[in-house]
>>> print(open('work25.pdb').read())   # PDB, C-alpha atoms and all ligand atoms
ATOM      1  CA  MET H   1      72.590 -10.849 -92.348  1.00  0.00           C
ATOM      2  CA  ASP H   2      71.898  -8.198 -94.969  1.00  0.00           C
ATOM      3  CA  ALA H   3      69.080  -5.693 -95.244  1.00  0.00           C
ATOM      4  CA  THR H   4      67.136  -7.578 -97.927  1.00  0.00           C
ATOM      5  CA  GLN H   5      66.690 -10.563 -95.573  1.00  0.00           C
ATOM      6  CA  ILE H   6      64.655  -8.545 -93.060  1.00  0.00           C
ATOM      7  CA  SER H   7      63.298  -5.719 -95.201  1.00  0.00           C
ATOM      8  CA  SER H   8      59.845  -5.705 -93.551  1.00  0.00           C
ATOM      9  CA  GLU H   9      61.435  -4.536 -90.289  1.00  0.00           C
ATOM     10  CA  LEU H  10      63.593  -1.804 -91.856  1.00  0.00           C
ATOM     11  CA  THR H  11      62.536   1.460 -93.471  1.00  0.00           C
ATOM     12  CA  ARG H  12      65.642   2.175 -95.550  1.00  0.00           C
ATOM     13  CA  VAL H  13      69.342   1.452 -95.803  1.00  0.00           C
ATOM     14  CA  LEU H  14      71.363   4.590 -94.997  1.00  0.00           C
ATOM     15  CA  TYR H  15      74.856   3.201 -95.624  1.00  0.00           C
ATOM     16  CA  THR H  16      75.857  -0.073 -97.178  1.00  0.00           C
ATOM     17  CA  ASN H  17      78.748  -2.100 -95.847  1.00  0.00           C
ATOM     18  CA  ASP H  18      80.775  -1.185 -98.959  1.00  0.00           C
ATOM     19  CA  GLN H  19      80.312   2.509 -98.202  1.00  0.00           C
ATOM     20  CA  ILE H  20      81.262   1.935 -94.567  1.00  0.00           C
ATOM     21  CA  GLN H  21      84.441   0.050 -95.515  1.00  0.00           C
ATOM     22  CA  ALA H  22      85.483   2.739 -98.025  1.00  0.00           C
ATOM     23  CA  ARG H  23      85.028   5.477 -95.416  1.00  0.00           C
ATOM     24  CA  LEU H  24      86.952   3.426 -92.831  1.00  0.00           C
ATOM     25  CA  ALA H  25      89.878   3.046 -95.240  1.00  0.00           C
ATOM     26  CA  ASP H  26      90.071   6.863 -95.572  1.00  0.00           C
ATOM     27  CA  ILE H  27      89.862   7.402 -91.812  1.00  0.00           C
ATOM     28  CA  ALA H  28      92.493   4.702 -91.206  1.00  0.00           C
ATOM     29  CA  ALA H  29      94.899   6.505 -93.553  1.00  0.00           C
ATOM     30  CA  GLU H  30      94.494   9.675 -91.464  1.00  0.00           C
ATOM     31  CA  ILE H  31      95.009   7.775 -88.206  1.00  0.00           C
ATOM     32  CA  ASP H  32      98.087   5.991 -89.612  1.00  0.00           C
ATOM     33  CA  GLU H  33      99.570   9.413 -90.373  1.00  0.00           C
ATOM     34  CA  GLU H  34      98.750  10.837 -86.923  1.00  0.00           C
ATOM     35  CA  TYR H  35     100.120   7.909 -84.922  1.00  0.00           C
ATOM     36  CA  ARG H  36     103.040   6.838 -87.129  1.00  0.00           C
ATOM     37  CA  ASP H  37     105.650   7.403 -84.373  1.00  0.00           C
ATOM     38  CA  LYS H  38     103.375   6.773 -81.398  1.00  0.00           C
ATOM     39  CA  ASP H  39     102.337   3.773 -79.373  1.00  0.00           C
ATOM     40  CA  LEU H  40      98.582   3.673 -80.096  1.00  0.00           C
ATOM     41  CA  LEU H  41      95.962   2.184 -77.786  1.00  0.00           C
ATOM     42  CA  LEU H  42      92.503   1.743 -79.316  1.00  0.00           C
ATOM     43  CA  VAL H  43      89.738   1.713 -76.708  1.00  0.00           C
ATOM     44  CA  GLY H  44      86.561   0.146 -78.058  1.00  0.00           C
ATOM     45  CA  VAL H  45      83.235   0.868 -76.392  1.00  0.00           C
ATOM     46  CA  LEU H  46      81.313  -2.368 -76.027  1.00  0.00           C
ATOM     47  CA  ASN H  47      79.021  -3.649 -77.270  1.00  0.00           C
ATOM     48  CA  GLY H  48      78.236  -1.545 -80.310  1.00  0.00           C
ATOM     49  CA  ALA H  49      81.804  -0.755 -81.400  1.00  0.00           C
ATOM     50  CA  VAL H  50      82.794  -4.387 -81.972  1.00  0.00           C
ATOM     51  CA  MET H  51      82.295  -4.165 -85.745  1.00  0.00           C
ATOM     52  CA  VAL H  52      83.978  -0.785 -86.270  1.00  0.00           C
ATOM     53  CA  MET H  53      86.910  -1.787 -84.038  1.00  0.00           C
ATOM     54  CA  ALA H  54      87.406  -5.040 -85.980  1.00  0.00           C
ATOM     55  CA  ASP H  55      87.272  -3.311 -89.363  1.00  0.00           C
ATOM     56  CA  LEU H  56      89.127  -0.081 -88.502  1.00  0.00           C
ATOM     57  CA  SER H  57      91.981  -1.939 -86.802  1.00  0.00           C
ATOM     58  CA  ARG H  58      92.487  -4.130 -89.874  1.00  0.00           C
ATOM     59  CA  HIS H  59      92.685  -1.078 -92.139  1.00  0.00           C
ATOM     60  CA  LEU H  60      95.412   0.419 -89.896  1.00  0.00           C
ATOM     61  CA  THR H  61      99.104  -0.272 -90.477  1.00  0.00           C
ATOM     62  CA  VAL H  62     100.611   1.374 -87.343  1.00  0.00           C
ATOM     63  CA  HIS H  63     101.467  -0.759 -84.327  1.00  0.00           C
ATOM     64  CA  LEU H  64      98.568  -0.742 -81.907  1.00  0.00           C
ATOM     65  CA  GLN H  65      97.005  -2.427 -78.928  1.00  0.00           C
ATOM     66  CA  MET H  66      93.305  -2.798 -78.137  1.00  0.00           C
ATOM     67  CA  ASP H  67      91.340  -2.662 -74.934  1.00  0.00           C
ATOM     68  CA  TRP H  68      87.630  -2.485 -74.214  1.00  0.00           C
ATOM     69  CA  MET H  69      85.166  -0.790 -71.909  1.00  0.00           C
ATOM     70  CA  ALA H  70      81.529  -1.779 -71.633  1.00  0.00           C
ATOM     71  CA  ILE H  71      79.223   1.166 -71.071  1.00  0.00           C
ATOM     72  CA  SER H  72      75.468   1.205 -71.234  1.00  0.00           C
ATOM     73  CA  SER H  73      72.793   3.885 -71.186  1.00  0.00           C
ATOM     74  CA  TYR H  74      70.078   2.643 -73.555  1.00  0.00           C
ATOM     75  CA  GLY H  75      68.913  -0.616 -71.975  1.00  0.00           C
ATOM     76  CA  SER H  76      66.390  -2.215 -74.338  1.00  0.00           C
ATOM     77  CA  GLY H  77      64.725   0.988 -75.616  1.00  0.00           C
ATOM     78  CA  THR H  78      65.305   3.661 -78.262  1.00  0.00           C
ATOM     79  CA  GLN H  79      65.844   6.576 -75.796  1.00  0.00           C
ATOM     80  CA  SER H  80      68.920   7.214 -73.653  1.00  0.00           C
ATOM     81  CA  SER H  81      68.164   6.589 -69.970  1.00  0.00           C
ATOM     82  CA  GLY H  82      70.480   9.508 -69.195  1.00  0.00           C
ATOM     83  CA  VAL H  83      72.320   7.301 -66.708  1.00  0.00           C
ATOM     84  CA  VAL H  84      75.676   6.070 -67.975  1.00  0.00           C
ATOM     85  CA  ARG H  85      77.121   3.010 -66.259  1.00  0.00           C
ATOM     86  CA  ILE H  86      80.489   1.277 -66.629  1.00  0.00           C
ATOM     87  CA  LEU H  87      79.789  -2.447 -66.894  1.00  0.00           C
ATOM     88  CA  LYS H  88      83.401  -3.431 -67.683  1.00  0.00           C
ATOM     89  CA  ASP H  89      86.513  -1.341 -67.164  1.00  0.00           C
ATOM     90  CA  LEU H  90      89.807  -1.289 -69.097  1.00  0.00           C
ATOM     91  CA  THR H  91      92.477  -3.803 -68.197  1.00  0.00           C
ATOM     92  CA  THR H  92      95.249  -1.419 -69.396  1.00  0.00           C
ATOM     93  CA  ASP H  93      96.751   1.433 -67.355  1.00  0.00           C
ATOM     94  CA  ILE H  94      96.399   4.329 -69.830  1.00  0.00           C
ATOM     95  CA  GLU H  95      98.609   6.841 -67.973  1.00  0.00           C
ATOM     96  CA  GLY H  96     101.075   8.224 -70.532  1.00  0.00           C
ATOM     97  CA  ARG H  97      99.457   6.319 -73.422  1.00  0.00           C
ATOM     98  CA  HIS H  98      98.118   7.695 -76.714  1.00  0.00           C
ATOM     99  CA  VAL H  99      94.461   6.668 -76.559  1.00  0.00           C
ATOM    100  CA  LEU H 100      91.963   6.684 -79.410  1.00  0.00           C
ATOM    101  CA  VAL H 101      88.392   5.885 -78.350  1.00  0.00           C
ATOM    102  CA  VAL H 102      86.492   3.919 -81.012  1.00  0.00           C
ATOM    103  CA  GLU H 103      82.704   4.406 -80.902  1.00  0.00           C
ATOM    104  CA  ASP H 104      79.913   3.146 -83.117  1.00  0.00           C
ATOM    105  CA  ILE H 105      77.589   6.130 -82.620  1.00  0.00           C
ATOM    106  CA  ILE H 106      77.358   9.439 -80.795  1.00  0.00           C
ATOM    107  CA  ASP H 107      73.690  10.328 -80.354  1.00  0.00           C
ATOM    108  CA  THR H 108      72.918  12.559 -77.344  1.00  0.00           C
ATOM    109  CA  GLY H 109      76.647  12.659 -76.534  1.00  0.00           C
ATOM    110  CA  LEU H 110      76.019  11.632 -72.909  1.00  0.00           C
ATOM    111  CA  THR H 111      77.992   8.386 -73.112  1.00  0.00           C
ATOM    112  CA  LEU H 112      81.012  10.095 -74.625  1.00  0.00           C
ATOM    113  CA  ALA H 113      80.977  13.067 -72.240  1.00  0.00           C
ATOM    114  CA  TYR H 114      81.018  10.662 -69.305  1.00  0.00           C
ATOM    115  CA  LEU H 115      83.678   8.448 -70.864  1.00  0.00           C
ATOM    116  CA  ILE H 116      86.023  11.304 -71.775  1.00  0.00           C
ATOM    117  CA  GLN H 117      85.860  12.809 -68.295  1.00  0.00           C
ATOM    118  CA  ASN H 118      86.566   9.378 -66.818  1.00  0.00           C
ATOM    119  CA  LEU H 119      89.504   8.633 -69.152  1.00  0.00           C
ATOM    120  CA  HIS H 120      91.044  12.136 -68.780  1.00  0.00           C
ATOM    121  CA  SER H 121      91.350  11.566 -65.040  1.00  0.00           C
ATOM    122  CA  ARG H 122      93.664   8.611 -65.791  1.00  0.00           C
ATOM    123  CA  LYS H 123      96.228  10.988 -67.403  1.00  0.00           C
ATOM    124  CA  PRO H 124      96.736   9.614 -70.926  1.00  0.00           C
ATOM    125  CA  ALA H 125      99.425  11.314 -73.074  1.00  0.00           C
ATOM    126  CA  SER H 126      96.681  12.085 -75.600  1.00  0.00           C
ATOM    127  CA  LEU H 127      92.996  11.263 -75.900  1.00  0.00           C
ATOM    128  CA  LYS H 128      91.089  11.420 -79.188  1.00  0.00           C
ATOM    129  CA  ILE H 129      87.786  10.073 -80.451  1.00  0.00           C
ATOM    130  CA  MET H 130      86.727   8.273 -83.598  1.00  0.00           C
ATOM    131  CA  THR H 131      83.068   7.449 -84.243  1.00  0.00           C
ATOM    132  CA  MET H 132      81.521   5.640 -87.198  1.00  0.00           C
ATOM    133  CA  PHE H 133      78.203   7.530 -86.929  1.00  0.00           C
ATOM    134  CA  ARG H 134      76.987  10.774 -85.383  1.00  0.00           C
ATOM    135  CA  LYS H 135      73.475  12.135 -84.881  1.00  0.00           C
ATOM    136  CA  PRO H 136      72.537  15.867 -84.996  1.00  0.00           C
ATOM    137  CA  GLU H 137      72.230  16.335 -81.217  1.00  0.00           C
ATOM    138  CA  ALA H 138      75.882  15.322 -80.798  1.00  0.00           C
ATOM    139  CA  LEU H 139      76.939  18.431 -82.721  1.00  0.00           C
ATOM    140  CA  SER H 140      76.054  20.551 -79.673  1.00  0.00           C
ATOM    141  CA  SER H 141      78.118  18.320 -77.331  1.00  0.00           C
ATOM    142  CA  PRO H 142      81.228  20.046 -75.947  1.00  0.00           C
ATOM    143  CA  VAL H 143      83.287  16.912 -76.657  1.00  0.00           C
ATOM    144  CA  GLU H 144      85.501  17.290 -79.728  1.00  0.00           C
ATOM    145  CA  VAL H 145      85.520  14.318 -82.107  1.00  0.00           C
ATOM    146  CA  SER H 146      88.603  13.823 -84.312  1.00  0.00           C
ATOM    147  CA  HIS H 147      87.187  11.375 -86.876  1.00  0.00           C
ATOM    148  CA  VAL H 148      83.548  10.903 -87.954  1.00  0.00           C
ATOM    149  CA  GLY H 149      82.472   8.267 -90.461  1.00  0.00           C
ATOM    150  CA  PHE H 150      79.019   9.564 -91.385  1.00  0.00           C
ATOM    151  CA  ASP H 151      76.482  12.021 -90.016  1.00  0.00           C
ATOM    152  CA  LEU H 152      73.010  10.508 -89.698  1.00  0.00           C
ATOM    153  CA  PRO H 153      69.472  11.906 -89.588  1.00  0.00           C
ATOM    154  CA  ASN H 154      67.744  11.921 -86.217  1.00  0.00           C
ATOM    155  CA  GLU H 155      66.159   8.469 -86.559  1.00  0.00           C
ATOM    156  CA  PHE H 156      66.786   5.251 -84.665  1.00  0.00           C
ATOM    157  CA  VAL H 157      69.183   3.110 -86.682  1.00  0.00           C
ATOM    158  CA  VAL H 158      70.372  -0.472 -86.461  1.00  0.00           C
ATOM    159  CA  GLY H 159      73.096  -2.589 -87.993  1.00  0.00           C
ATOM    160  CA  TYR H 160      76.890  -2.625 -88.104  1.00  0.00           C
ATOM    161  CA  GLY H 161      76.993  -3.208 -84.331  1.00  0.00           C
ATOM    162  CA  LEU H 162      74.026  -0.991 -83.475  1.00  0.00           C
ATOM    163  CA  ASP H 163      71.130  -2.760 -81.812  1.00  0.00           C
ATOM    164  CA  TYR H 164      67.525  -2.457 -80.860  1.00  0.00           C
ATOM    165  CA  ALA H 165      66.918  -4.549 -77.716  1.00  0.00           C
ATOM    166  CA  GLY H 166      70.060  -6.531 -78.483  1.00  0.00           C
ATOM    167  CA  ARG H 167      68.992  -7.416 -82.049  1.00  0.00           C
ATOM    168  CA  TYR H 168      70.218  -6.424 -85.531  1.00  0.00           C
ATOM    169  CA  ARG H 169      73.888  -5.922 -84.524  1.00  0.00           C
ATOM    170  CA  ASN H 170      74.857  -8.459 -87.208  1.00  0.00           C
ATOM    171  CA  LEU H 171      73.163  -6.569 -90.034  1.00  0.00           C
ATOM    172  CA  VAL H 172      76.089  -5.617 -92.286  1.00  0.00           C
ATOM    173  CA  ASP H 173      74.559  -2.310 -93.476  1.00  0.00           C
ATOM    174  CA  VAL H 174      73.089   0.498 -91.371  1.00  0.00           C
ATOM    175  CA  ALA H 175      69.346   1.032 -91.736  1.00  0.00           C
ATOM    176  CA  THR H 176      66.456   2.824 -90.059  1.00  0.00           C
ATOM    177  CA  LEU H 177      64.201   0.595 -88.000  1.00  0.00           C
ATOM    178  CA  ALA H 178      60.523   0.541 -88.968  1.00  0.00           C
ATOM    179  CA  PRO H 179      58.471   2.224 -86.202  1.00  0.00           C
ATOM    180  CA  HIS H 180      56.090  -0.788 -85.950  1.00  0.00           C
ATOM    181  CA  VAL H 181      59.014  -2.834 -84.561  1.00  0.00           C
ATOM    182  CA  TYR H 182      59.351  -0.671 -81.443  1.00  0.00           C
ATOM    183  CA  SER H 183      55.978   1.067 -81.041  1.00  0.00           C
TER     184      SER H 183
HETATM  185  O1  LIG H 201      75.421   9.493 -77.391  1.00  0.00           O
HETATM  186  P1  LIG H 201      74.520   8.598 -76.603  1.00  0.00           P
HETATM  187  O2  LIG H 201      73.076   9.051 -76.651  1.00  0.00           O
HETATM  188  O3  LIG H 201      74.984   8.401 -75.183  1.00  0.00           O
HETATM  189  O4  LIG H 201      74.483   7.177 -77.320  1.00  0.00           O
HETATM  190  C1  LIG H 201      75.640   6.512 -77.794  1.00  0.00           C
HETATM  191  C2  LIG H 201      75.862   5.206 -77.090  1.00  0.00           C
HETATM  192  O5  LIG H 201      74.686   4.400 -77.143  1.00  0.00           O
HETATM  193  C3  LIG H 201      75.015   3.101 -77.572  1.00  0.00           C
HETATM  194  O6  LIG H 201      75.370   2.293 -76.507  1.00  0.00           O
HETATM  195  P2  LIG H 201      74.295   1.497 -75.602  1.00  0.00           P
HETATM  196  O7  LIG H 201      74.120   2.194 -74.296  1.00  0.00           O
HETATM  197  O8  LIG H 201      73.046   1.260 -76.407  1.00  0.00           O
HETATM  198  O9  LIG H 201      75.055   0.135 -75.344  1.00  0.00           O
HETATM  199  P3  LIG H 201      75.540  -0.948 -76.446  1.00  0.00           P
HETATM  200  O10 LIG H 201      76.784  -0.388 -77.107  1.00  0.00           O
HETATM  201  O11 LIG H 201      75.831  -2.156 -75.640  1.00  0.00           O
HETATM  202  O12 LIG H 201      74.427  -1.157 -77.444  1.00  0.00           O
HETATM  203  C4  LIG H 201      76.222   3.329 -78.477  1.00  0.00           C
HETATM  204  O13 LIG H 201      76.975   2.165 -78.606  1.00  0.00           O
HETATM  205  C5  LIG H 201      76.968   4.447 -77.804  1.00  0.00           C
HETATM  206  O14 LIG H 201      77.923   3.971 -76.876  1.00  0.00           O
HETATM  207  O1  LIG H 202      70.093   5.138 -83.265  1.00  0.00           O
HETATM  208  C1  LIG H 202      70.631   4.319 -82.480  1.00  0.00           C
HETATM  209  N1  LIG H 202      70.591   2.976 -82.726  1.00  0.00           N
HETATM  210  C2  LIG H 202      71.142   2.062 -81.906  1.00  0.00           C
HETATM  211  N2  LIG H 202      71.775   2.376 -80.786  1.00  0.00           N
HETATM  212  C3  LIG H 202      71.859   3.690 -80.470  1.00  0.00           C
HETATM  213  N3  LIG H 202      72.441   4.269 -79.395  1.00  0.00           N
HETATM  214  C4  LIG H 202      72.269   5.581 -79.537  1.00  0.00           C
HETATM  215  N4  LIG H 202      71.573   5.869 -80.660  1.00  0.00           N
HETATM  216  C5  LIG H 202      71.317   4.694 -81.282  1.00  0.00           C
END
>>> encode(input="work25.pdb", output="structure tokens", more="lines below")
Ligand SMILES: O=P(O)(O)OC[C@H]1O[C@H](OP(=O)(O)OP(=O)(O)O)[C@H](O)[C@@H]1O
Ligand code: HPA
Amino acid sequence: MDATQISSELTRVLYTNDQIQARLADIAAEIDEEYRDKDLLLVGVLNGAVMVMADLSRHLTVHLQMDWMAISSYGSGTQSSGVVRILKDLTTDIEGRHVLVVEDIIDTGLTLAYLIQNLHSRKPASLKIMTMFRKPEALSSPVEVSHVGFDLPNEFVVGYGLDYAGRYRNLVDVATLAPHVYS
């Protein structure tokens, strides 16, 4: 699905898939360098990070493993509920492992703050964060992010894994959702 197919529901495309892939290639080169001699575990945050995990991991050349956590705080709306819940936990014991969390977006930062505290308690050898997108509010979060794809304006966005009420995840670009869709 691309943005032109559903243009009446979108306000504007912020980043095309080509731009996303080019940025991911740059970030992957940095991660390759950082983890060249390490045993890397990518932890993807379901559901949104499916696309970035699939694309980032295929740009990487270091040996790596993948695991997934499902976390939810948005339900079917456009505002964080403020309550972060683990819906699916990791299957890997991360004690002593070099963990890189792969996120689609950091918005309020609540999901990440919760996740980092939770993962730290499992004693990984290192714990870093990569996110494809970041909103302005996240800049005041105390959680340090190692790799950011793009900073976004403070608008609700969909595509490239990001949903509104479960829809639009399969849009290849990232676009702002027209207010009439959710108001
Ligand atoms: O910084 P925050 O304000 O906490 O928002 C970021 C989180 O919100 C989205 O997840 P969501 O809860 O919508 O679940 P989903 O990945 O299944 O869509 C997104 O995938 C991030 O994990
Ligand atoms: O702007 C957004 N779009 C989709 N999902 C999200 N989760 C946090 N912020 C967003």
>>> axis_aligned_box(input="work25.pdb", around="ligand LIG 201 (chain H)", padding_each_side="4 Å", output="AutoDock Vina command-line options")
--center_x 75.5 --center_y 3.7 --center_z -76.5 --size_x 12.9 --size_y 19.6 --size_z 12.3
>>> closest_residue(input="work25.pdb", among="H:Leu14, H:Val83, H:Ile106, H:Val101", to="ligand LIG 201 (chain H)", atoms="only C-alpha atoms and all ligand atoms")
H:Ile106
>>> residues_around(input="work25.pdb", residues="Ala49 in chain H", least_positions_apart="5", cutoff="9 Å", atoms="only C-alpha atoms", output="list of chain:residue names")
H:Gly44, H:Ala54, H:Val102, H:Glu103, H:Asp104, H:Ile105, H:Thr131, H:Met132, H:Tyr160, H:Gly161, H:Leu162
>>> resolve_selection(input="work25.pdb", expression="the PyMOL selection byres (((not hetatm)) within 8 of (chain H and resi 201))", output="MDAnalysis selection string")
chainID H and resid 45:49 70:76 79:80 82 84 103:112 138 161:164 166
>>> residues_around(input="work25.pdb", residues="Asp173 in chain H", least_positions_apart="5", cutoff="7 Å", atoms="only C-alpha atoms", output="list of chain:residue names")
H:Asp2, H:Ala3, H:Val13, H:Tyr15, H:Thr16, H:Asn17, H:Gly159, H:Tyr160
>>> resolve_selection(input="work25.pdb", expression="the PyMOL selection byres (((chain H and resi 96) around 6) and not hetatm)", output="ChimeraX atom specification")
/H:95,97,124-125
>>> resolve_selection(input="work25.pdb", expression="the PyMOL selection byres (((chain H and resi 148) around 12) and not hetatm)", output="ChimeraX atom specification")
/H:20,23-24,26-28,30-31,52,101-106,128-135,138-139,144-147,149-152
>>> atom_distance(input="work25.pdb", atom1="CA of Leu42 in chain H", atom2="CA of Met1 in chain H")
26.9 Å
>>> closest_residue(input="work25.pdb", among="H:Leu171, H:Thr61, H:Asp55, H:Ser7", to="Asp32 in chain H", atoms="only C-alpha atoms")
H:Thr61
>>> atom_distance(input="work25.pdb", atom1="CA of Leu10 in chain H", atom2="CA of Glu155 in chain H")
11.8 Å
>>> atom_distance(input="work25.pdb", atom1="CA of Leu64 in chain H", atom2="CA of Val50 in chain H")
16.2 Å
>>> residues_around(input="work25.pdb", residues="Gly77 in chain H", least_positions_apart="4", cutoff="9 Å", atoms="all atoms listed in the file", output="PyMOL selection string")
chain H and resi 81+164-165+182
>>> closest_residue(input="work25.pdb", among="H:Lys38, H:Thr176, H:Asp89, H:Ile116", to="Val143 in chain H", atoms="all atoms listed in the file")
H:Ile116
>>> closest_residue(input="work25.pdb", among="H:Leu41, H:Leu177, H:Val157, H:Leu127", to="ligand LIG 202 (chain H)", atoms="all atoms listed in the file")
H:Val157
>>> residues_around(input="work25.pdb", residues="Ala29 in chain H", least_positions_apart="6", cutoff="10 Å", atoms="all atoms listed in the file", output="ChimeraX atom specification")
/H:59-62
>>> residues_around(input="work25.pdb", residues="Arg122 in chain H", least_positions_apart="2", cutoff="8 Å", atoms="all atoms listed in the file", output="PyMOL selection string")
chain H and resi 93-95+118-120+124
>>> closest_residue(input="work25.pdb", among="H:His63, H:Arg12, H:Arg169, H:Arg58", to="ligand LIG 202 (chain H)", atoms="all atoms listed in the file")
H:Arg169
>>> decode(input="work25.pdb", residues="range 136-171 of chain H", atoms="C-alpha atoms", output="short mmCIF file (atom, residue, chain, number, x, y, z; two decimals), in the first residue's frame")
data_model
loop_
_atom_site.label_atom_id
_atom_site.label_comp_id
_atom_site.auth_asym_id
_atom_site.auth_seq_id
_atom_site.Cartn_x
_atom_site.Cartn_y
_atom_site.Cartn_z
CA PRO H 136 9.41 16.28 20.35
CA GLU H 137 8.14 15.20 23.78
CA ALA H 138 10.61 12.29 23.78
CA LEU H 139 13.50 14.78 23.84
CA SER H 140 12.71 15.51 27.50
CA SER H 141 12.69 11.78 28.41
CA PRO H 142 15.61 10.76 30.64
CA VAL H 143 16.18 7.66 28.48
CA GLU H 144 19.19 8.02 26.18
CA VAL H 145 18.65 6.86 22.59
CA SER H 146 21.73 5.74 20.61
CA HIS H 147 20.29 5.82 17.07
CA VAL H 148 17.38 7.92 15.74
CA GLY H 149 16.12 7.66 12.17
CA PHE H 150 14.11 10.87 11.91
CA ASP H 151 12.63 13.46 14.25
CA LEU H 152 8.95 14.12 13.55
CA PRO H 153 6.58 17.02 14.22
CA ASN H 154 4.05 16.56 17.00
CA GLU H 155 1.31 15.06 14.81
CA PHE H 156 -0.21 11.59 14.75
CA VAL H 157 1.50 9.58 12.02
CA VAL H 158 0.84 6.25 10.37
CA GLY H 159 2.68 3.87 8.08
CA TYR H 160 5.87 1.82 8.15
CA GLY H 161 4.48 -0.25 11.04
CA LEU H 162 2.70 2.62 12.80
CA ASP H 163 -1.04 2.22 13.14
CA TYR H 164 -4.23 4.01 13.93
CA ALA H 165 -6.68 1.50 15.46
CA GLY H 166 -4.68 -1.33 13.91
CA ARG H 167 -4.81 0.11 10.37
CA TYR H 168 -2.22 1.63 8.00
CA ARG H 169 0.74 -0.44 9.30
CA ASN H 170 1.30 -1.67 5.73
CA LEU H 171 1.63 1.81 4.25
#
